[in-house]
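S.K.: model-v8.txt is reproduced in full below (compact mmCIF, N, CA and C atoms).
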```txt
# COMPACT_ATOMS: atom_id res chain seq x y z
N PRO Y 4 102.49 94.90 83.98
CA PRO Y 4 101.02 94.97 84.03
C PRO Y 4 100.56 95.32 85.44
N PRO Y 5 99.36 95.94 85.54
CA PRO Y 5 98.85 96.29 86.87
C PRO Y 5 98.52 95.03 87.66
N SER Y 6 98.63 95.16 89.00
CA SER Y 6 98.31 94.00 89.83
C SER Y 6 96.80 93.78 89.87
N PRO Y 7 96.40 92.52 89.98
CA PRO Y 7 94.96 92.23 90.04
C PRO Y 7 94.36 92.75 91.33
N PRO Y 8 93.06 93.06 91.34
CA PRO Y 8 92.43 93.54 92.57
C PRO Y 8 92.46 92.43 93.62
N PRO Y 9 92.44 92.80 94.91
CA PRO Y 9 92.46 91.77 95.94
C PRO Y 9 91.22 90.90 95.85
N SER Y 10 91.38 89.63 96.14
CA SER Y 10 90.22 88.74 96.09
C SER Y 10 89.34 88.97 97.31
N PRO Y 11 88.02 88.79 97.16
CA PRO Y 11 87.12 89.02 98.29
C PRO Y 11 87.34 87.94 99.35
N PRO Y 12 86.96 88.25 100.60
CA PRO Y 12 87.10 87.25 101.65
C PRO Y 12 86.20 86.05 101.36
N PRO Y 13 86.51 84.89 101.95
CA PRO Y 13 85.74 83.68 101.67
C PRO Y 13 84.38 83.64 102.38
N PHE Y 14 84.03 84.67 103.13
CA PHE Y 14 82.75 84.73 103.84
C PHE Y 14 82.31 86.18 103.88
N ASP Y 15 81.02 86.42 104.14
CA ASP Y 15 80.56 87.79 104.30
C ASP Y 15 81.17 88.36 105.57
N CYS Y 16 81.74 89.54 105.45
CA CYS Y 16 82.33 90.18 106.63
C CYS Y 16 82.19 91.68 106.47
N THR Y 17 82.44 92.38 107.57
CA THR Y 17 82.35 93.84 107.59
C THR Y 17 83.74 94.38 107.90
N TYR Y 18 84.25 95.21 107.01
CA TYR Y 18 85.57 95.80 107.20
C TYR Y 18 85.51 96.94 108.22
N PHE Y 19 86.58 97.08 108.98
CA PHE Y 19 86.74 98.20 109.89
C PHE Y 19 88.11 98.80 109.68
N ARG Y 20 88.25 100.04 110.12
CA ARG Y 20 89.53 100.74 110.05
C ARG Y 20 89.70 101.50 111.37
N LEU Y 21 90.82 101.31 112.03
CA LEU Y 21 91.15 102.07 113.23
C LEU Y 21 92.33 102.97 112.88
N ASP Y 22 92.07 104.27 112.86
CA ASP Y 22 93.11 105.25 112.54
C ASP Y 22 93.63 105.85 113.84
N ILE Y 23 94.93 105.82 114.02
CA ILE Y 23 95.55 106.42 115.20
C ILE Y 23 96.48 107.53 114.73
N VAL Y 24 96.27 108.71 115.28
CA VAL Y 24 97.15 109.85 115.05
C VAL Y 24 97.98 109.99 116.32
N ALA Y 25 99.28 109.93 116.16
CA ALA Y 25 100.18 109.85 117.31
C ALA Y 25 100.25 111.13 118.11
N ASP Y 26 100.36 110.95 119.45
CA ASP Y 26 100.88 112.04 120.27
C ASP Y 26 102.39 111.78 120.35
N SER Y 27 103.06 112.41 121.24
CA SER Y 27 104.53 112.25 121.30
C SER Y 27 104.98 110.85 121.70
N PHE Y 28 104.10 110.05 122.33
CA PHE Y 28 104.52 108.76 122.86
C PHE Y 28 103.75 107.57 122.30
N THR Y 29 103.00 107.73 121.21
CA THR Y 29 102.14 106.66 120.72
C THR Y 29 102.88 105.36 120.46
N THR Y 30 104.07 105.42 119.90
CA THR Y 30 104.74 104.17 119.57
C THR Y 30 105.12 103.37 120.80
N THR Y 31 105.23 104.00 121.95
CA THR Y 31 105.60 103.26 123.14
C THR Y 31 104.47 103.13 124.15
N GLU Y 32 103.51 104.04 124.12
CA GLU Y 32 102.47 104.04 125.15
C GLU Y 32 101.12 103.52 124.71
N THR Y 33 100.76 103.69 123.46
CA THR Y 33 99.39 103.42 123.03
C THR Y 33 99.29 102.06 122.35
N SER Y 34 98.29 101.29 122.75
CA SER Y 34 98.03 100.00 122.12
C SER Y 34 96.52 99.79 122.05
N TRP Y 35 96.11 98.77 121.33
CA TRP Y 35 94.69 98.46 121.23
C TRP Y 35 94.51 96.97 121.02
N ASP Y 36 93.33 96.49 121.38
CA ASP Y 36 92.99 95.10 121.08
C ASP Y 36 91.51 94.99 120.75
N LEU Y 37 91.19 93.91 120.06
CA LEU Y 37 89.84 93.66 119.60
C LEU Y 37 89.48 92.22 119.95
N TYR Y 38 88.38 92.05 120.65
CA TYR Y 38 87.90 90.74 121.08
C TYR Y 38 86.49 90.51 120.60
N VAL Y 39 86.10 89.24 120.51
CA VAL Y 39 84.68 88.90 120.39
C VAL Y 39 84.09 89.13 121.77
N GLU Y 40 82.94 89.74 121.83
CA GLU Y 40 82.28 90.00 123.10
C GLU Y 40 81.29 88.87 123.37
N PRO Y 41 81.17 88.28 124.55
CA PRO Y 41 81.82 88.70 125.78
C PRO Y 41 83.28 88.26 125.82
N ARG Y 42 84.12 89.14 126.34
CA ARG Y 42 85.57 88.95 126.33
C ARG Y 42 86.02 87.70 127.07
N GLU Y 43 85.32 87.33 128.14
CA GLU Y 43 85.75 86.18 128.94
C GLU Y 43 85.80 84.90 128.12
N LYS Y 44 85.05 84.87 127.04
CA LYS Y 44 84.94 83.63 126.26
C LYS Y 44 85.80 83.63 125.01
N SER Y 45 86.63 84.64 124.81
CA SER Y 45 87.38 84.67 123.55
C SER Y 45 88.81 85.15 123.74
N ALA Y 46 89.62 84.76 122.81
CA ALA Y 46 91.00 85.25 122.75
C ALA Y 46 91.02 86.53 121.92
N VAL Y 47 92.12 87.25 122.02
CA VAL Y 47 92.25 88.47 121.23
C VAL Y 47 92.23 88.12 119.74
N LEU Y 48 91.49 88.91 118.97
CA LEU Y 48 91.45 88.72 117.51
C LEU Y 48 92.56 89.49 116.84
N LEU Y 49 92.70 90.75 117.21
CA LEU Y 49 93.72 91.64 116.64
C LEU Y 49 94.25 92.53 117.74
N GLN Y 50 95.51 92.90 117.63
CA GLN Y 50 96.07 93.87 118.57
C GLN Y 50 97.30 94.49 117.94
N ALA Y 51 97.64 95.68 118.43
CA ALA Y 51 98.82 96.37 117.93
C ALA Y 51 99.26 97.40 118.95
N THR Y 52 100.49 97.82 118.83
CA THR Y 52 101.02 98.88 119.68
C THR Y 52 101.49 100.01 118.78
N GLY Y 53 100.95 101.22 119.05
CA GLY Y 53 101.43 102.42 118.39
C GLY Y 53 101.11 102.56 116.93
N ARG Y 54 100.14 101.81 116.40
CA ARG Y 54 99.85 101.97 114.97
C ARG Y 54 98.38 101.69 114.69
N SER Y 55 97.95 102.14 113.53
CA SER Y 55 96.58 101.93 113.07
C SER Y 55 96.41 100.48 112.65
N GLY Y 56 95.16 100.10 112.38
CA GLY Y 56 94.91 98.73 111.94
C GLY Y 56 93.60 98.63 111.20
N ASN Y 57 93.39 97.49 110.56
CA ASN Y 57 92.14 97.24 109.86
C ASN Y 57 91.94 95.74 109.74
N GLY Y 58 90.74 95.36 109.35
CA GLY Y 58 90.43 93.94 109.19
C GLY Y 58 89.01 93.77 108.74
N CYS Y 59 88.59 92.51 108.64
CA CYS Y 59 87.24 92.20 108.20
C CYS Y 59 86.65 91.21 109.20
N LEU Y 60 85.51 91.55 109.76
CA LEU Y 60 84.91 90.78 110.85
C LEU Y 60 83.62 90.10 110.40
N PRO Y 61 83.44 88.82 110.75
CA PRO Y 61 82.15 88.18 110.50
C PRO Y 61 81.09 88.82 111.40
N ASP Y 62 79.82 88.65 111.04
CA ASP Y 62 78.74 89.21 111.84
C ASP Y 62 78.90 88.77 113.29
N GLY Y 63 78.70 89.70 114.20
CA GLY Y 63 78.84 89.40 115.62
C GLY Y 63 79.03 90.65 116.43
N THR Y 64 79.32 90.47 117.71
CA THR Y 64 79.53 91.58 118.64
C THR Y 64 80.99 91.58 119.07
N TYR Y 65 81.59 92.77 119.10
CA TYR Y 65 83.01 92.92 119.35
C TYR Y 65 83.26 94.03 120.36
N LYS Y 66 84.41 93.94 121.00
CA LYS Y 66 84.84 94.99 121.93
C LYS Y 66 86.22 95.46 121.51
N LEU Y 67 86.33 96.77 121.27
CA LEU Y 67 87.60 97.41 120.96
C LEU Y 67 88.01 98.22 122.18
N THR Y 68 89.25 98.04 122.62
CA THR Y 68 89.78 98.84 123.73
C THR Y 68 91.09 99.47 123.27
N VAL Y 69 91.21 100.78 123.51
CA VAL Y 69 92.44 101.52 123.24
C VAL Y 69 93.05 101.85 124.60
N TYR Y 70 94.33 101.54 124.77
CA TYR Y 70 95.03 101.72 126.04
C TYR Y 70 96.10 102.79 125.92
N ASP Y 71 96.37 103.46 127.03
CA ASP Y 71 97.49 104.40 127.07
C ASP Y 71 98.24 104.20 128.38
N LEU Y 72 99.47 103.69 128.30
CA LEU Y 72 100.26 103.42 129.50
C LEU Y 72 100.56 104.68 130.30
N GLY Y 73 100.64 105.83 129.64
CA GLY Y 73 100.88 107.09 130.35
C GLY Y 73 99.65 107.62 131.05
N GLN Y 74 98.51 106.98 130.83
CA GLN Y 74 97.23 107.34 131.44
C GLN Y 74 96.79 108.77 131.13
N ASP Y 75 97.23 109.27 129.96
CA ASP Y 75 96.83 110.62 129.55
C ASP Y 75 96.20 110.62 128.17
N GLY Y 76 95.76 109.47 127.68
CA GLY Y 76 95.15 109.40 126.36
C GLY Y 76 96.14 109.82 125.28
N LEU Y 77 95.61 110.38 124.22
CA LEU Y 77 96.45 110.80 123.10
C LEU Y 77 96.52 112.32 122.99
N CYS Y 78 95.95 113.01 123.94
CA CYS Y 78 95.89 114.46 123.88
C CYS Y 78 95.95 114.99 125.30
N CYS Y 79 96.49 115.89 125.65
CA CYS Y 79 96.85 117.12 125.00
C CYS Y 79 98.21 117.61 125.48
N GLU Y 80 98.64 117.17 126.69
CA GLU Y 80 99.90 117.66 127.25
C GLU Y 80 101.11 117.29 126.39
N TYR Y 81 101.04 116.12 125.72
CA TYR Y 81 102.19 115.65 124.93
C TYR Y 81 101.86 115.55 123.45
N GLY Y 82 101.02 116.43 122.96
CA GLY Y 82 100.66 116.44 121.55
C GLY Y 82 99.16 116.28 121.36
N ASN Y 83 98.72 116.44 120.14
CA ASN Y 83 97.30 116.37 119.82
C ASN Y 83 96.97 115.15 118.99
N GLY Y 84 97.10 113.98 119.58
CA GLY Y 84 96.76 112.74 118.90
C GLY Y 84 95.29 112.41 119.06
N SER Y 85 94.86 111.36 118.35
CA SER Y 85 93.47 110.92 118.44
C SER Y 85 93.36 109.54 117.80
N PHE Y 86 92.18 108.94 117.96
CA PHE Y 86 91.89 107.70 117.24
C PHE Y 86 90.45 107.76 116.74
N ALA Y 87 90.19 106.98 115.69
CA ALA Y 87 88.84 106.91 115.11
C ALA Y 87 88.60 105.49 114.60
N LEU Y 88 87.47 104.91 114.99
CA LEU Y 88 87.06 103.59 114.51
C LEU Y 88 85.94 103.78 113.50
N THR Y 89 86.18 103.31 112.29
CA THR Y 89 85.20 103.42 111.21
C THR Y 89 84.85 102.02 110.74
N VAL Y 90 83.56 101.78 110.53
CA VAL Y 90 83.06 100.46 110.13
C VAL Y 90 82.28 100.63 108.82
N ALA Y 91 82.51 99.71 107.88
CA ALA Y 91 81.78 99.77 106.60
C ALA Y 91 80.29 99.57 106.83
N ARG Y 92 79.50 100.11 105.94
CA ARG Y 92 78.04 100.01 106.04
C ARG Y 92 77.48 98.81 105.28
N GLU Y 93 78.33 98.12 104.50
CA GLU Y 93 77.90 96.96 103.73
C GLU Y 93 78.94 95.86 103.84
N HIS Y 94 78.48 94.62 103.74
CA HIS Y 94 79.42 93.49 103.76
C HIS Y 94 80.41 93.60 102.60
N ASN Y 95 81.62 93.14 102.86
CA ASN Y 95 82.66 92.97 101.84
C ASN Y 95 83.05 94.24 101.12
N THR Y 96 82.82 95.38 101.74
CA THR Y 96 83.29 96.66 101.19
C THR Y 96 84.09 97.37 102.26
N ARG Y 97 85.05 98.14 101.85
CA ARG Y 97 85.85 98.89 102.81
C ARG Y 97 85.12 100.18 103.18
N PRO Y 98 85.37 100.71 104.39
CA PRO Y 98 84.73 101.98 104.75
C PRO Y 98 85.18 103.08 103.79
N ALA Y 99 84.23 103.88 103.34
CA ALA Y 99 84.56 105.01 102.48
C ALA Y 99 85.41 106.01 103.27
N GLU Y 100 86.26 106.72 102.58
CA GLU Y 100 87.13 107.70 103.25
C GLU Y 100 86.32 108.74 104.01
N ASP Y 101 85.11 109.06 103.52
CA ASP Y 101 84.31 110.08 104.19
C ASP Y 101 83.27 109.48 105.14
N SER Y 102 83.33 108.17 105.40
CA SER Y 102 82.40 107.56 106.35
C SER Y 102 82.65 108.11 107.74
N PRO Y 103 81.58 108.44 108.47
CA PRO Y 103 81.79 108.94 109.83
C PRO Y 103 82.22 107.80 110.75
N PRO Y 104 83.16 108.04 111.65
CA PRO Y 104 83.57 107.00 112.57
C PRO Y 104 82.46 106.72 113.59
N ILE Y 105 82.46 105.49 114.15
CA ILE Y 105 81.48 105.17 115.19
C ILE Y 105 82.03 105.48 116.57
N LEU Y 106 83.35 105.71 116.67
CA LEU Y 106 83.96 106.10 117.93
C LEU Y 106 85.20 106.92 117.62
N THR Y 107 85.34 108.02 118.33
CA THR Y 107 86.56 108.82 118.25
C THR Y 107 86.99 109.15 119.67
N GLY Y 108 88.24 109.45 119.83
CA GLY Y 108 88.70 109.83 121.16
C GLY Y 108 90.10 110.37 121.14
N SER Y 109 90.45 111.05 122.21
CA SER Y 109 91.81 111.56 122.36
C SER Y 109 92.14 111.69 123.84
N ASP Y 110 91.27 112.32 124.60
CA ASP Y 110 91.51 112.61 126.01
C ASP Y 110 90.72 111.61 126.84
N PHE Y 111 91.32 110.43 127.10
CA PHE Y 111 90.55 109.37 127.74
C PHE Y 111 91.22 108.73 128.94
N GLY Y 112 92.36 109.16 129.37
CA GLY Y 112 92.99 108.55 130.53
C GLY Y 112 93.69 107.24 130.17
N GLU Y 113 93.49 106.20 130.99
CA GLU Y 113 94.21 104.94 130.82
C GLU Y 113 93.66 104.07 129.69
N GLU Y 114 92.34 104.03 129.51
CA GLU Y 114 91.76 103.22 128.43
C GLU Y 114 90.35 103.69 128.12
N VAL Y 115 89.90 103.32 126.93
CA VAL Y 115 88.53 103.58 126.50
C VAL Y 115 88.09 102.39 125.66
N SER Y 116 86.80 102.00 125.79
CA SER Y 116 86.29 100.83 125.07
C SER Y 116 84.96 101.14 124.40
N ILE Y 117 84.68 100.38 123.37
CA ILE Y 117 83.37 100.41 122.74
C ILE Y 117 83.00 98.97 122.39
N ILE Y 118 81.75 98.65 122.61
CA ILE Y 118 81.19 97.37 122.16
C ILE Y 118 80.33 97.71 120.95
N PHE Y 119 80.56 97.02 119.85
CA PHE Y 119 79.81 97.29 118.63
C PHE Y 119 79.46 95.98 117.95
N THR Y 120 78.44 96.03 117.13
CA THR Y 120 77.95 94.85 116.42
C THR Y 120 78.12 95.08 114.92
N VAL Y 121 78.50 94.03 114.22
CA VAL Y 121 78.52 94.08 112.75
C VAL Y 121 77.58 93.01 112.23
N PRO Y 122 76.80 93.27 111.17
CA PRO Y 122 76.88 94.53 110.44
C PRO Y 122 76.43 95.69 111.32
N TYR Y 123 77.11 96.83 111.14
CA TYR Y 123 76.87 98.01 111.96
C TYR Y 123 75.61 98.71 111.49
N LEU Y 124 74.75 99.03 112.44
CA LEU Y 124 73.55 99.81 112.16
C LEU Y 124 73.66 101.11 112.94
N ALA Y 125 73.69 102.20 112.22
CA ALA Y 125 73.80 103.50 112.87
C ALA Y 125 72.55 103.76 113.71
N PRO Y 126 72.70 104.47 114.85
CA PRO Y 126 71.52 104.80 115.64
C PRO Y 126 70.55 105.65 114.82
N PRO Y 127 69.25 105.53 115.07
CA PRO Y 127 68.30 106.35 114.31
C PRO Y 127 68.50 107.82 114.62
N PRO Y 128 68.19 108.70 113.66
CA PRO Y 128 68.35 110.13 113.92
C PRO Y 128 67.38 110.58 115.01
N SER Y 129 67.77 111.61 115.72
CA SER Y 129 66.90 112.17 116.75
C SER Y 129 65.71 112.85 116.08
N PRO Y 130 64.53 112.76 116.71
CA PRO Y 130 63.37 113.44 116.11
C PRO Y 130 63.56 114.95 116.19
N PRO Y 131 62.94 115.68 115.26
CA PRO Y 131 63.07 117.14 115.32
C PRO Y 131 62.35 117.66 116.57
N PRO Y 132 62.78 118.82 117.07
CA PRO Y 132 62.11 119.37 118.27
C PRO Y 132 60.66 119.69 117.96
N SER Y 133 59.83 119.55 118.98
CA SER Y 133 58.41 119.89 118.83
C SER Y 133 58.24 121.39 118.73
N PRO Y 134 57.29 121.82 117.90
CA PRO Y 134 57.06 123.29 117.81
C PRO Y 134 56.51 123.82 119.13
N PRO Y 135 56.83 125.09 119.42
CA PRO Y 135 56.36 125.67 120.70
C PRO Y 135 54.86 125.84 120.74
```
How would this structure read if it were set down as structure tokens?
M.R.:
Amino acid sequence: PPSPPPSPPPFDCTYFRLDIVADSFTTTETSWDLYVEPREKSAVLLQATGRSGNGCLPDGTYKLTVYDLGQDGLCCEYGNGSFALTVAREHNTRPAEDSPPILTGSDFGEEVSIIFTVPYLAPPPSPPPSPP
């Protein structure tokens, strides 16, 4: 028989997905961590080296940092890698495959960070240009 669907989390949370596309050294050079912001007051929530990750976060403010020990990011001299952080738009649902990421990067040097809040609210669209 088919397996039952996964049970929902015991609290309202917002799912995120961090996709990492490797350059030649991702498994040894690239890592990431996720903290409750402000960082000084919290321990690491999630971290990994050389791989993608996902999870479900209660409402709050978080800081994601992607590190590269080679200080050349994920692009371009040693391959065309990248990363993308995608956050669901509703509690207790996973990000849709076509959801736009809230942060992407590849050529960032030693590290890059983003502070984001869940539930995530996309920035308002820019107003159309004024007529001449």
S.K.: Taking (78.2, 93.5, 109.1) in the file's own coordinates, collect the residues within 6.5 Å, counting all atoms listed in the file, and hand them back as JSON, numbers by chain.
M.R.: {"Y": [16, 17, 61, 62, 63, 93, 94, 120, 121, 122, 123]}
S.K.: One number please: atom N of Y:Arg97 to atom C of Y:Phe19, in Å, one decimal.
M.R.: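 These two atoms are separated by 8.4 Å.
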S.K.: Could you please write out, as a PyMOL selection string, every residue of stretch 74-123 of chain Y that DSSP assigns to strand (DSSP E or B)?
M.R.: chain Y and resi 78-79+82-83+85-90+106-108+114-121
S.K.: Which residue gives the smallest distance to Y:Phe119 among Y:Asp22, Y:Thr107, Y:Gly56, Y:Tyr65, with all atoms listed in the file counted?
M.R.: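 With all atoms listed in the file as the atom set, the closest residue is Y:Tyr65.
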S.K.: Between Y:Gly76, Y:Ser109, Y:Lys66, Y:Ala51, which one has atoms that come closest to Y:Trp35, using only C-alpha atoms?
M.R.: Y:Ala51
S.K.: So that I can see what lies close to Y:Gly108, please list as a PyMOL selection string the residues with an atom at most 8 Å from it, counting all atoms listed in the file and leaving out residues fewer than 5 positions away in the same chain.
M.R.: chain Y and resi 76-78+84-88
S.K.: Take the selection from the previous step and output its residues with N, CA and C atoms, as a CSV table (one decimal), in the coordinates of the input.
M.R.:
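Just written: selection.csv:
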```csv
chain,number,residue,atom,x,y,z
Y,76,GLY,N,95.8,109.5,127.7
Y,76,GLY,CA,95.2,109.4,126.4
Y,76,GLY,C,96.1,109.8,125.3
Y,77,LEU,N,95.6,110.4,124.2
Y,77,LEU,CA,96.4,110.8,123.1
Y,77,LEU,C,96.5,112.3,123.0
Y,78,CYS,N,96.0,113.0,123.9
Y,78,CYS,CA,95.9,114.5,123.9
Y,78,CYS,C,96.0,115.0,125.3
Y,84,GLY,N,97.1,114.0,119.6
Y,84,GLY,CA,96.8,112.7,118.9
Y,84,GLY,C,95.3,112.4,119.1
Y,85,SER,N,94.9,111.4,118.4
Y,85,SER,CA,93.5,110.9,118.4
Y,85,SER,C,93.4,109.5,117.8
Y,86,PHE,N,92.2,108.9,118.0
Y,86,PHE,CA,91.9,107.7,117.2
Y,86,PHE,C,90.4,107.8,116.7
Y,87,ALA,N,90.2,107.0,115.7
Y,87,ALA,CA,88.8,106.9,115.1
Y,87,ALA,C,88.6,105.5,114.6
Y,88,LEU,N,87.5,104.9,115.0
Y,88,LEU,CA,87.1,103.6,114.5
Y,88,LEU,C,85.9,103.8,113.5
```
S.K.: Of the candidates Y:Thr31, Y:Asn83, Y:Ser116, Y:Thr89, which shows the shortest atom-to-atom distance to Y:Gly58, using only C-alpha atoms?
M.R.: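 The closest residue to Y:Gly58 is Y:Thr89.
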S.K.: Between Y:Gln74, Y:Thr96, Y:Thr68, Y:Thr33, which has the minimum distance to Y:Phe111 (counting only C-alpha atoms)?
M.R.: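 Among Y:Gln74, Y:Thr96, Y:Thr68, Y:Thr33, it is Y:Gln74 that comes nearest to Y:Phe111.
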S.K.: Pick out each residue of stretch 24-111 of chain Y that DSSP on the backbone tags as helix (DSSP H, G or I); I need them as a ChimeraX atom specification.
M.R.: /Y:29-32,42-44
S.K.: With distances taken over only C-alpha atoms, which of Y:Gly73, Y:Pro41, Y:Pro104, Y:Gly82 is nearest to Y:Val24?
M.R.: Y:Gly82
S.K.: Interatomic distance between atom CA of Y:Leu67 and atom CA of Y:Ser129?
M.R.: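 Atom CA of Y:Ser129 lies 25.8 Å from atom CA of Y:Leu67.
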S.K.: What gap, in Å, lies between atom C of Y:Gln50 and atom C of Y:Val115?
M.R.: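 It comes out at 14.4 Å.
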S.K.: Which of these residues is nearest to Y:Ser55, using all atoms listed in the file: Y:Val39, Y:Asp75, Y:Asp26, Y:Leu21?
M.R.: Y:Leu21
